[in-house]
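With mmCIF, C-alpha atoms inside, this is protein08.cif:
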data_protein
#
loop_
_atom_site.label_atom_id
_atom_site.label_comp_id
_atom_site.auth_asym_id
_atom_site.auth_seq_id
_atom_site.Cartn_x
_atom_site.Cartn_y
_atom_site.Cartn_z
CA MET A 42 0.00 0.00 0.00
CA GLU A 43 1.25 3.47 -0.85
CA ALA A 44 2.69 5.60 1.93
CA GLY A 45 0.52 8.53 2.97
CA SER A 46 -2.74 6.78 2.13
CA ASP A 47 -5.56 5.64 4.38
CA ILE A 48 -8.16 2.95 3.82
CA HIS A 49 -11.73 4.22 3.86
CA ILE A 50 -14.55 1.66 3.88
CA GLU A 51 -18.15 2.71 3.46
CA SER A 52 -21.36 0.71 3.21
CA THR A 53 -21.07 0.29 -0.55
CA ILE A 54 -17.46 1.07 -1.44
CA CYS A 55 -13.91 0.53 -0.29
CA TYR A 56 -11.33 2.90 -1.73
CA ILE A 57 -8.07 4.74 -1.05
CA HIS A 58 -8.07 8.33 0.18
CA SER A 59 -4.96 10.49 0.27
CA SER A 60 -3.95 11.66 3.72
CA ARG A 61 -2.75 14.88 2.08
CA GLY A 62 -6.34 15.74 1.31
CA GLY A 63 -8.86 14.77 -1.33
CA ASN A 64 -9.86 11.54 -3.01
CA LEU A 65 -7.54 10.19 -5.66
CA ALA A 66 -10.24 10.72 -8.28
CA GLN A 67 -13.45 12.74 -8.11
CA ALA A 68 -14.14 13.92 -11.64
CA ARG A 69 -15.81 12.85 -14.83
CA PRO A 70 -13.57 11.81 -17.73
CA GLU A 71 -14.85 14.60 -19.95
CA GLN A 72 -13.54 17.18 -17.47
CA PHE A 73 -9.90 16.29 -18.13
CA ASP A 74 -7.46 15.73 -20.91
CA ASN A 75 -4.27 13.67 -20.68
CA SER A 76 -2.49 16.37 -18.67
CA THR A 77 -2.05 16.04 -14.93
CA LEU A 78 -4.07 17.98 -12.37
CA GLY A 79 -1.88 19.03 -9.48
CA GLY A 80 0.40 16.14 -10.32
CA ARG A 81 -2.17 13.64 -9.07
CA LEU A 82 -5.25 13.23 -11.28
CA TYR A 83 -5.34 12.62 -15.01
CA MET A 84 -7.38 10.66 -17.48
CA GLU A 85 -5.98 7.24 -18.29
CA GLN A 86 -6.14 6.06 -21.87
CA THR A 87 -7.20 2.60 -20.63
CA VAL A 88 -8.26 1.18 -17.26
CA PHE A 89 -8.39 -2.56 -16.61
CA LEU A 90 -11.01 -3.58 -14.05
CA PHE A 91 -10.45 -7.00 -12.47
CA ASP A 92 -12.99 -8.99 -10.49
CA VAL A 93 -11.61 -11.09 -7.60
CA ASP A 94 -13.67 -14.20 -6.80
CA ASN A 95 -13.18 -16.93 -9.42
CA THR A 96 -11.44 -14.41 -11.66
CA LEU A 97 -8.11 -13.79 -9.92
CA LEU A 98 -8.73 -16.01 -6.90
CA ASP A 99 -10.18 -19.54 -6.79
CA ASN A 100 -13.09 -18.87 -4.45
CA ASP A 101 -14.59 -22.29 -5.16
CA ARG A 102 -11.59 -23.86 -3.42
CA VAL A 103 -11.95 -21.43 -0.51
CA GLU A 104 -15.55 -22.52 -0.08
CA ALA A 105 -14.58 -26.20 -0.36
CA ASP A 106 -11.97 -25.71 2.38
CA LEU A 107 -14.56 -24.01 4.57
CA ARG A 108 -17.01 -26.88 4.03
CA ARG A 109 -14.37 -29.42 5.06
CA HIS A 110 -13.43 -27.37 8.10
CA LEU A 111 -17.02 -27.04 9.25
CA GLU A 112 -17.69 -30.74 8.84
CA SER A 113 -14.55 -31.75 10.71
CA GLN A 114 -15.16 -29.33 13.58
CA PHE A 115 -18.97 -29.27 13.83
CA GLY A 116 -20.33 -32.17 11.78
CA ALA A 117 -22.18 -32.41 8.48
CA GLU A 118 -25.48 -31.15 9.92
CA SER A 119 -23.92 -27.93 11.19
CA ARG A 120 -22.04 -27.47 7.92
CA ASP A 121 -25.25 -27.77 5.94
CA ARG A 122 -27.09 -25.40 8.27
CA TYR A 123 -24.36 -22.76 7.96
CA PHE A 124 -24.44 -22.87 4.18
CA ALA A 125 -28.23 -22.76 4.14
CA ILE A 126 -27.99 -19.51 6.13
CA PHE A 127 -25.20 -18.36 3.81
CA GLU A 128 -27.40 -18.83 0.72
CA GLU A 129 -30.36 -17.12 2.40
CA LEU A 130 -28.19 -14.14 3.21
CA ARG A 131 -26.72 -14.02 -0.29
CA ALA A 132 -30.26 -13.91 -1.71
CA GLU A 133 -31.09 -11.01 0.61
CA LEU A 134 -27.92 -8.98 0.09
CA GLY A 135 -26.89 -9.87 -3.43
CA TYR A 136 -23.33 -10.84 -2.46
CA ALA A 137 -21.54 -13.52 -0.42
CA ASP A 138 -21.29 -12.62 3.27
CA TYR A 139 -19.39 -15.39 5.08
CA LEU A 140 -19.02 -13.51 8.35
CA GLY A 141 -22.63 -12.35 8.29
CA ALA A 142 -23.75 -15.95 7.86
CA LEU A 143 -21.56 -16.95 10.79
CA GLN A 144 -23.16 -14.25 12.94
CA ARG A 145 -26.64 -15.58 12.12
CA TYR A 146 -25.51 -19.14 12.72
CA ARG A 147 -24.15 -18.07 16.09
CA ILE A 148 -27.59 -16.89 17.18
CA GLU A 149 -28.80 -20.47 16.79
CA SER A 150 -25.76 -21.90 18.64
CA MET A 151 -24.96 -19.35 21.32
CA GLY A 152 -23.47 -21.93 23.68
CA ASP A 153 -20.82 -23.30 21.33
CA PRO A 154 -17.43 -21.64 21.98
CA ARG A 155 -15.90 -23.33 18.92
CA LEU A 156 -17.61 -20.71 16.77
CA LEU A 157 -14.92 -18.26 17.88
CA MET A 158 -12.31 -20.39 16.13
CA MET A 159 -14.42 -20.57 12.99
CA SER A 160 -14.21 -16.80 12.62
CA ALA A 161 -10.44 -17.11 12.98
CA PHE A 162 -10.39 -19.70 10.19
CA LEU A 163 -12.09 -17.23 7.86
CA VAL A 164 -10.16 -14.11 8.84
CA ASP A 165 -6.75 -15.83 8.84
CA TYR A 166 -7.30 -17.95 5.73
CA PRO A 167 -4.21 -18.02 3.43
CA PHE A 168 -5.86 -16.44 0.41
CA ALA A 169 -2.55 -15.95 -1.38
CA ASN A 170 -2.43 -19.74 -1.79
CA ARG A 171 -5.69 -19.63 -3.72
CA LEU A 172 -4.72 -17.18 -6.43
CA TYR A 173 -5.14 -18.76 -9.83
CA PRO A 174 -1.90 -19.62 -11.63
CA GLY A 175 -0.96 -16.65 -13.76
CA SER A 176 -3.27 -14.17 -12.01
CA LEU A 177 -0.45 -11.86 -10.91
CA ASP A 178 1.16 -12.20 -14.34
CA ALA A 179 -2.15 -11.09 -15.88
CA LEU A 180 -2.22 -8.00 -13.68
CA ASP A 181 1.39 -7.18 -14.48
CA TYR A 182 0.75 -7.64 -18.20
CA ALA A 183 -2.36 -5.43 -18.21
CA ALA A 184 -0.42 -2.73 -16.36
CA LYS A 185 1.78 -2.35 -19.45
CA PHE A 186 -1.27 -1.08 -21.38
CA GLY A 187 -3.09 0.95 -18.72
CA GLN A 188 -4.04 1.26 -15.08
CA THR A 189 -5.17 -1.84 -13.18
CA VAL A 190 -7.99 -1.63 -10.64
CA ILE A 191 -9.70 -4.28 -8.50
CA LEU A 192 -13.50 -4.03 -8.90
CA SER A 193 -15.34 -6.47 -6.66
CA ASP A 194 -18.60 -7.09 -4.82
CA GLY A 195 -18.76 -7.98 -1.14
CA ASP A 196 -19.09 -6.89 2.46
CA VAL A 197 -16.93 -4.20 4.08
CA VAL A 198 -14.90 -6.53 6.34
CA PHE A 199 -14.22 -9.93 4.82
CA GLN A 200 -13.82 -8.93 1.18
CA PRO A 201 -11.18 -6.24 1.86
CA ARG A 202 -9.44 -8.77 4.12
CA LYS A 203 -9.42 -11.29 1.27
CA VAL A 204 -8.02 -8.76 -1.20
CA THR A 205 -5.34 -7.71 1.28
CA ARG A 206 -4.23 -11.18 2.43
CA SER A 207 -4.14 -12.50 -1.12
CA GLY A 208 -1.62 -9.82 -2.07
CA LEU A 209 -3.94 -8.28 -4.66
CA TRP A 210 -4.29 -5.00 -2.77
CA GLU A 211 -0.56 -4.44 -2.86
CA GLU A 212 -0.30 -5.66 -6.46
CA VAL A 213 -2.57 -2.83 -7.67
CA ASN A 214 -1.11 -0.26 -5.25
CA GLY A 215 -4.34 0.10 -3.30
CA ARG A 216 -6.59 0.76 -6.30
CA VAL A 217 -9.47 -1.28 -4.90
CA LEU A 218 -13.22 -0.72 -5.24
CA ILE A 219 -15.68 -2.97 -3.41
CA TYR A 220 -19.41 -2.42 -3.88
CA ILE A 221 -22.60 -4.30 -3.13
CA HIS A 222 -23.59 -4.31 -6.82
CA LYS A 223 -20.66 -3.05 -8.87
CA GLU A 224 -22.59 -3.05 -12.14
CA GLN A 225 -24.86 -0.39 -10.62
CA MET A 226 -21.95 1.83 -9.60
CA LEU A 227 -20.27 2.58 -12.93
CA ASP A 228 -20.70 6.33 -12.55
CA ASP A 229 -18.71 6.11 -9.34
CA VAL A 230 -16.06 3.90 -10.97
CA GLU A 231 -15.76 6.40 -13.82
CA MET A 232 -15.47 9.30 -11.37
CA ARG A 233 -12.65 7.67 -9.43
CA TYR A 234 -10.78 6.22 -12.42
CA PRO A 235 -11.61 8.29 -15.50
CA ALA A 236 -10.51 6.70 -18.78
CA ARG A 237 -11.27 6.73 -22.47
CA HIS A 238 -11.62 2.95 -22.57
CA TYR A 239 -12.22 0.23 -20.00
CA PHE A 240 -11.66 -3.50 -19.83
CA MET A 241 -13.71 -5.62 -17.43
CA ILE A 242 -12.33 -9.06 -16.61
CA ASP A 243 -14.98 -11.12 -14.81
CA ASP A 244 -16.14 -14.74 -14.58
CA LYS A 245 -19.82 -13.75 -14.58
CA LEU A 246 -21.46 -13.11 -17.95
CA ARG A 247 -24.34 -11.37 -16.15
CA ILE A 248 -22.00 -8.69 -14.83
CA LEU A 249 -20.23 -8.29 -18.16
CA ALA A 250 -23.52 -7.93 -20.04
CA ALA A 251 -24.87 -5.35 -17.59
CA MET A 252 -21.72 -3.25 -17.82
CA LYS A 253 -21.57 -3.54 -21.61
CA ASN A 254 -25.16 -2.35 -21.81
CA GLN A 255 -24.16 0.84 -19.98
CA TRP A 256 -20.73 1.61 -21.41
CA GLY A 257 -21.13 0.18 -24.90
CA ASP A 258 -18.07 0.47 -27.12
CA ARG A 259 -16.10 2.16 -24.33
CA LEU A 260 -15.88 -1.25 -22.63
CA THR A 261 -14.18 -4.45 -23.74
CA THR A 262 -15.45 -7.45 -21.76
CA VAL A 263 -13.15 -10.39 -21.01
CA PHE A 264 -14.61 -13.68 -19.77
CA PRO A 265 -12.28 -16.23 -18.14
CA ARG A 266 -14.07 -19.59 -18.23
CA GLN A 267 -13.18 -20.72 -14.73
CA GLY A 268 -15.22 -21.29 -11.60
CA HIS A 269 -18.69 -22.73 -11.19
CA TYR A 270 -20.55 -19.65 -12.46
CA ALA A 271 -18.57 -19.57 -15.70
CA MET A 272 -18.98 -23.28 -16.29
CA ASP A 273 -22.75 -23.33 -15.68
CA PRO A 274 -24.42 -23.87 -19.09
CA LYS A 275 -27.52 -21.98 -17.90
CA ASN A 276 -25.47 -18.82 -17.49
CA ALA A 277 -23.81 -19.31 -20.86
CA SER A 278 -27.18 -19.49 -22.60
CA ALA A 279 -28.84 -16.68 -20.63
CA TYR A 280 -26.40 -13.88 -21.48
CA PRO A 281 -24.58 -12.66 -24.59
CA ALA A 282 -21.02 -13.73 -25.18
CA ALA A 283 -18.21 -11.50 -23.97
CA ASP A 284 -16.02 -9.61 -26.41
CA ILE A 285 -13.12 -11.91 -25.51
CA THR A 286 -13.26 -15.38 -23.95
CA ILE A 287 -10.21 -17.03 -22.44
CA GLU A 288 -9.98 -20.43 -20.78
CA ARG A 289 -8.08 -19.17 -17.73
CA ILE A 290 -6.93 -15.85 -16.32
CA GLY A 291 -3.30 -16.60 -17.15
CA ASP A 292 -4.20 -16.61 -20.86
CA LEU A 293 -4.64 -12.85 -20.73
CA VAL A 294 -0.91 -12.44 -21.34
CA ASN A 295 -1.34 -14.00 -24.80
CA LEU A 296 -3.61 -11.18 -25.99
CA ASP A 297 -2.48 -8.02 -27.75
CA LEU A 298 -4.54 -5.74 -25.53
CA SER A 299 -3.62 -2.65 -27.50
CA ARG A 300 -5.80 -3.94 -30.38
CA PHE A 301 -8.96 -3.73 -28.31
CA SER A 302 -8.61 -0.38 -26.54
#
Kindly transcribe the structure held in the file into structure tokens.
Amino acid sequence: MEAGSDIHIESTICYIHSSRGGNLAQARPEQFDNSTLGGRLYMEQTVFLFDVDNTLLDNDRVEADLRRHLESQFGAESRDRYFAIFEELRAELGYADYLGALQRYRIESMGDPRLLMMSAFLVDYPFANRLYPGSLDALDYAAKFGQTVILSDGDVVFQPRKVTRSGLWEEVNGRVLIYIHKEQMLDDVEMRYPARHYFMIDDKLRILAAMKNQWGDRLTTVFPRQGHYAMDPKNASAYPAADITIERIGDLVNLDLSRFS
């Protein structure tokens, strides 16, 4: 993380704020040309927006590890009850809230002190070990063509923790945005990271289609076919194809990204 910066987390967004005053970006792209503003803010030619779960990080394996841990520590019945609560909460909120599900589960099992260790399992999980092969190479490669930004959905505690412990926060120098529904926050994304062209790399065709519908030709969508959402044939048939499809995130380095921006 850059020196002189503080982490600010709000109910719908997590972003970096300069301790010297002012947000790193608070302007529309049309307000600026390629020159700098006070040495800090300028319009990028291209910004690459990267999702986290099942795009850069194998969240399916994280969930599988959690399922095994719950079963070994609490039994299959408790494991199933936790994930039933987890799915209920995801339907309510629109994003995965592992700690929120644990809090609800705790209400049903107030007398079980082992729940304290379950929270430690989640918070201290070695997320760096679950990065997809080639994910950091993909970020480094994209950075040769423009600015890289993490754009994710999630809660304001666990998701930033995941991005930090995985090393992704540091990899993009703190350029991290976390919303409840990122596809509904594109005006805010554009304000913070103004650019003439955007790439969105995401394993969910639904998200890519929603963003393409708003940004049109200013956005190039990239779909890595990895993770259970990407491999679900129902999702593939329900949404239009992305501009670019790759089999895995590491394949991004084989693309001439300058051709698409």
### Matched chain/residue IDs from the PyMOL selection byres ((chain A and resi 124-134) around 12), as a PyMOL selection string
chain A and resi 53+104-105+107-108+111-112+117-123+135-149+194-196+220-222
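Take the candidates A:Phe264, A:Trp256, A:Phe168, A:Phe301 and check each one against Ser207 of chain A using only C-alpha atoms; the shortest distance goes to A:Phe168.
Rounded to one decimal, atom CA of Gly187 of chain A and atom CA of Val213 of chain A lie 11.7 Å from each other.
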#### Entry: For Pro201 of chain A: contacts at 8 Å, all atoms listed in the file, fewer than 4 positions along chain excluded, given as a PyMOL selection string
chain A and resi 55+196-197+205+219
Using all atoms listed in the file, which residues sit within 7 Å of Glu85 of chain A once same-chain residues fewer than 5 positions away are excluded, as a compact mmCIF listing (two decimals) with C-alpha atoms, in the coordinates of the input?
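Output saved as selection-v5.txt:
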# COMPACT_ATOMS: atom_id res chain seq x y z
CA GLY A 187 -3.09 0.95 -18.72
CA PRO A 235 -11.61 8.29 -15.50
CA ALA A 236 -10.51 6.70 -18.78
CA ARG A 237 -11.27 6.73 -22.47
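In this model, the gap between atom CA of Asp99 of chain A and atom CA of Ser113 of chain A comes to 21.8 Å.
Note that atom CA of Asp258 of chain A and atom CA of Tyr239 of chain A are 9.2 Å apart.
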### Message
I need the output of the PyMOL selection byres ((chain A and resi 282) around 9) for this file as a PyMOL selection string; which residues are they?
### Response
chain A and resi 246+249-250+264+277-278+280-281+283-286
### Task
Name all residues at most 8 Å from Val294 of chain A (count all atoms listed in the file; drop same-chain ones fewer than 3 positions away) and give them as a ChimeraX atom specification.
/A:178-179,182-183,291,297
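Evaluated on this file, the PyMOL selection byres ((chain A and resi 93) around 8) matches A:Phe91, A:Asp92, A:Asp94, A:Asn95, A:Thr96, A:Leu97, A:Leu98, A:Ile191, A:Leu192, A:Ser193, A:Val204, A:Asp243.
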Keeping only C-alpha atoms, write the selected residues to a file as an mmCIF file, in the frame of the given file.
data_model
loop_
_atom_site.group_PDB
_atom_site.id
_atom_site.type_symbol
_atom_site.label_atom_id
_atom_site.label_comp_id
_atom_site.auth_asym_id
_atom_site.auth_seq_id
_atom_site.Cartn_x
_atom_site.Cartn_y
_atom_site.Cartn_z
ATOM 1 C CA PHE A 91 -10.450 -7.000 -12.470
ATOM 2 C CA ASP A 92 -12.990 -8.990 -10.490
ATOM 3 C CA ASP A 94 -13.670 -14.200 -6.800
ATOM 4 C CA ASN A 95 -13.180 -16.930 -9.420
ATOM 5 C CA THR A 96 -11.440 -14.410 -11.660
ATOM 6 C CA LEU A 97 -8.110 -13.790 -9.920
ATOM 7 C CA LEU A 98 -8.730 -16.010 -6.900
ATOM 8 C CA ILE A 191 -9.700 -4.280 -8.500
ATOM 9 C CA LEU A 192 -13.500 -4.030 -8.900
ATOM 10 C CA SER A 193 -15.340 -6.470 -6.660
ATOM 11 C CA VAL A 204 -8.020 -8.760 -1.200
ATOM 12 C CA ASP A 243 -14.980 -11.120 -14.810
#
### Near-Glu288 of chain A list (9 Å; only C-alpha atoms; drop same-chain fewer than 5 positions) as a list in words
Phe264, Pro265, Arg266 and Gln267 of chain A
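Considering only C-alpha atoms, the residue among A:Thr189, A:Lys253, A:Phe115, A:Val164 positioned nearest to Ser150 of chain A is A:Phe115.
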### Task
Find the residue from A:Pro274, A:Gly257, A:Gly208, A:Gly175 that sits nearest to Arg289 of chain A; use all atoms listed in the file when measuring.
A:Gly175
### Query
Leaving out Met158 of chain A and any residue of its chain fewer than 3 positions from it, which residues lie within 12 Å of it when counting all atoms listed in the file, given as a count of residues only?
14
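Proximity to Leu298 of chain A was assessed for A:Asn100, A:Gln200, A:Gln225, A:Thr87 counting all atoms listed in the file; the smallest distance is recorded for A:Thr87.
Residue nearest Asn214 of chain A within the list A:Val198, A:Asp228, A:Val190, A:Leu260: A:Val190 [criterion: smallest interatomic distance, all atoms listed in the file].
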